[in-house]
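Below: the structure, in C-alpha cells.
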Amino acid sequence: MRPPRGEETGELSEGPNGPGGAGYENSGYPPGQGGYPDTPYAYGNRGGYEDRGSGFSGPPPVPPTPWGKILGIGCGVLLLLLLVLGGCGAVMIFMSGTGSPEGPGGPVGPGEGVQEDPRGEETPSNATLDASSTDFQPSSLYVEGEFTSVRVRITNDGERSLDVNPLYFTVVDTSGEEHAPGDAIAMDAREISVQTLESGQNAEGVITVEGTVEPESVVFEPFHTIPVEVPVE
C-alpha cells in the first residue's frame with residue numbers, strides 16, 4: 001500500500017516482475033517499469049522511403065515517365081502506317097496502269113481498249129521538204145570525229161501548226177541504212193533550231209549525222225504524222 005503523500009519511504013516498490021524490476025517510489029516512473037533504458041530506442045528513419053515498416057511518412061515516390069518507350073512505340077506505329085499507305089498507293093498505280101479487265105461493253109479482248117491519239121498515224125504533216133548536200137562546219141562544241149551534214153528547208157503548208165526539231169529528221173544513205181542525228185546534235189554551227197511553224201511559215205538549217213555518209217534521202221517525221229521523204233540533191 002502506497003504511503004500518504006509526504007511520507008515516502010524511498011523503498012523499492014513491488015512491481016509485477018518482483019523487486020528486481022521495480023523503480024524507486026515517486027521518481028517519475030510507474031512501479032515495475034524500471035529506470036531509463038541503457039540505449040535509445042530505434043524508431044526508424046523519419047520520413048524515409050527505404051524501410052516503410054517503421055518511421056515512414058510522406059507520399060509514395062512518383063515513378064518517372066518512360067518517354068523513350070513512348071516515343072519508340074509512336075515511331076513504330078508511324079512507320080507501319082507509312083508502309084501500309086505506300087503499299088496501297090503502289091496497288092492503285094498498278095491498277096490504273098493496267099486498266100480495268102472489263103469495259104462498258106464487256107470483257108476487253110487482246111489489243112482492245114487502248115486509246116490512240118485522235119490524230120493517229122494517218123495524219124499527214126502537210127510539210128514541204130527540200131534537202132541538199134553541204135559541207136560540215138564544226139560548232140564551238142565540236143572536239144573531234146567525222147560528221148556529215150545535209151541542208152534542209154521545210155515549209156508548213158497545212159492549217160495546223162507544225163513542230164520542227166532536228167531529232168525529227170533521218171538521213172538514209174545509198175545502201176539504205178538510216179542514220180539518226182542524236183549523236184551529232186549541235187556539232188554543226190548551222191543546225192536547224194527547235195521551233196513551231198504556223199501555216200505558211202518555213203525554216204531552214206542543217207541536220208548532221210555521225211560518220212562519213214553518202215546521203216541519198218532525208219525523212220522528216222514529227223510525232224503522229226505520216227513521214228515525208230525527199231531525195232538529197
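Residue numbers start at 1 in each chain; chains themselves are named A, B, ... in the order of the C-alpha cells; ligands are numbered from 1 in the order shown.
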>> Applying 7 Å and only C-alpha atoms, which residues near Val172 of chain A remain after dropping the ones on its own chain fewer than 4 positions away? List them as number ranges by chain.
In response: A: 176-179, 215-218
Store the residues picked out above, limited to all heavy atoms, as a compact mmCIF listing (two decimals), in the first residue's frame.
```
# COMPACT_ATOMS: atom_id res chain seq x y z
N GLY A 176 20.79 2.27 -148.13
CA GLY A 176 19.50 2.12 -147.46
C GLY A 176 19.56 2.16 -145.95
O GLY A 176 18.53 2.01 -145.27
N GLU A 177 20.74 2.38 -145.38
CA GLU A 177 20.87 2.44 -143.92
C GLU A 177 20.46 3.81 -143.41
O GLU A 177 20.82 4.83 -143.99
CB GLU A 177 22.31 2.13 -143.51
CG GLU A 177 22.50 2.08 -142.00
CD GLU A 177 23.94 1.76 -141.62
OE1 GLU A 177 24.75 1.48 -142.54
OE2 GLU A 177 24.26 1.78 -140.42
N GLU A 178 19.71 3.82 -142.31
CA GLU A 178 19.24 5.08 -141.72
C GLU A 178 20.21 5.56 -140.66
O GLU A 178 20.75 4.78 -139.87
CB GLU A 178 17.85 4.89 -141.12
CG GLU A 178 16.79 4.53 -142.14
CD GLU A 178 15.40 4.40 -141.51
OE1 GLU A 178 15.32 4.43 -140.26
OE2 GLU A 178 14.43 4.28 -142.26
N HIS A 179 20.40 6.88 -140.63
CA HIS A 179 21.31 7.50 -139.66
C HIS A 179 20.54 8.59 -138.92
O HIS A 179 20.06 9.55 -139.53
CB HIS A 179 22.53 8.10 -140.36
CG HIS A 179 23.31 7.10 -141.17
ND1 HIS A 179 24.40 6.42 -140.67
CD2 HIS A 179 23.15 6.67 -142.45
CE1 HIS A 179 24.89 5.62 -141.60
NE2 HIS A 179 24.13 5.75 -142.70
N PRO A 215 24.68 10.60 -148.32
CA PRO A 215 23.23 10.72 -148.16
C PRO A 215 22.49 10.58 -149.49
O PRO A 215 22.90 11.15 -150.50
CB PRO A 215 23.06 12.12 -147.57
CG PRO A 215 24.25 12.88 -148.01
CD PRO A 215 25.37 11.89 -148.11
N GLU A 216 21.43 9.80 -149.45
CA GLU A 216 20.58 9.64 -150.63
C GLU A 216 19.25 10.33 -150.46
O GLU A 216 18.70 10.90 -151.40
CB GLU A 216 20.36 8.16 -150.93
CG GLU A 216 19.51 7.93 -152.17
CD GLU A 216 19.42 6.46 -152.54
OE1 GLU A 216 20.44 5.75 -152.41
OE2 GLU A 216 18.35 6.02 -152.96
N SER A 217 18.68 10.29 -149.23
CA SER A 217 17.39 10.94 -148.97
C SER A 217 17.33 11.37 -147.51
O SER A 217 18.12 10.92 -146.67
CB SER A 217 16.23 10.00 -149.30
OG SER A 217 16.26 8.85 -148.46
N VAL A 218 16.36 12.24 -147.23
CA VAL A 218 16.11 12.72 -145.87
C VAL A 218 14.64 12.49 -145.56
O VAL A 218 13.77 12.77 -146.40
CB VAL A 218 16.47 14.21 -145.72
CG1 VAL A 218 16.01 14.74 -144.36
CG2 VAL A 218 17.96 14.42 -145.88
```
> So which residues of segment 122-213 of chain A fall under helix (DSSP H, G or I) by DSSP, listed as a ChimeraX atom specification?
Replying inline: /A:166-168,181-184
>> Here is a test: counting only C-alpha atoms, which residue of A:Val171, A:Val219, A:Val164, A:Val84 is nearest to Thr196 of chain A?
In response: A:Val164
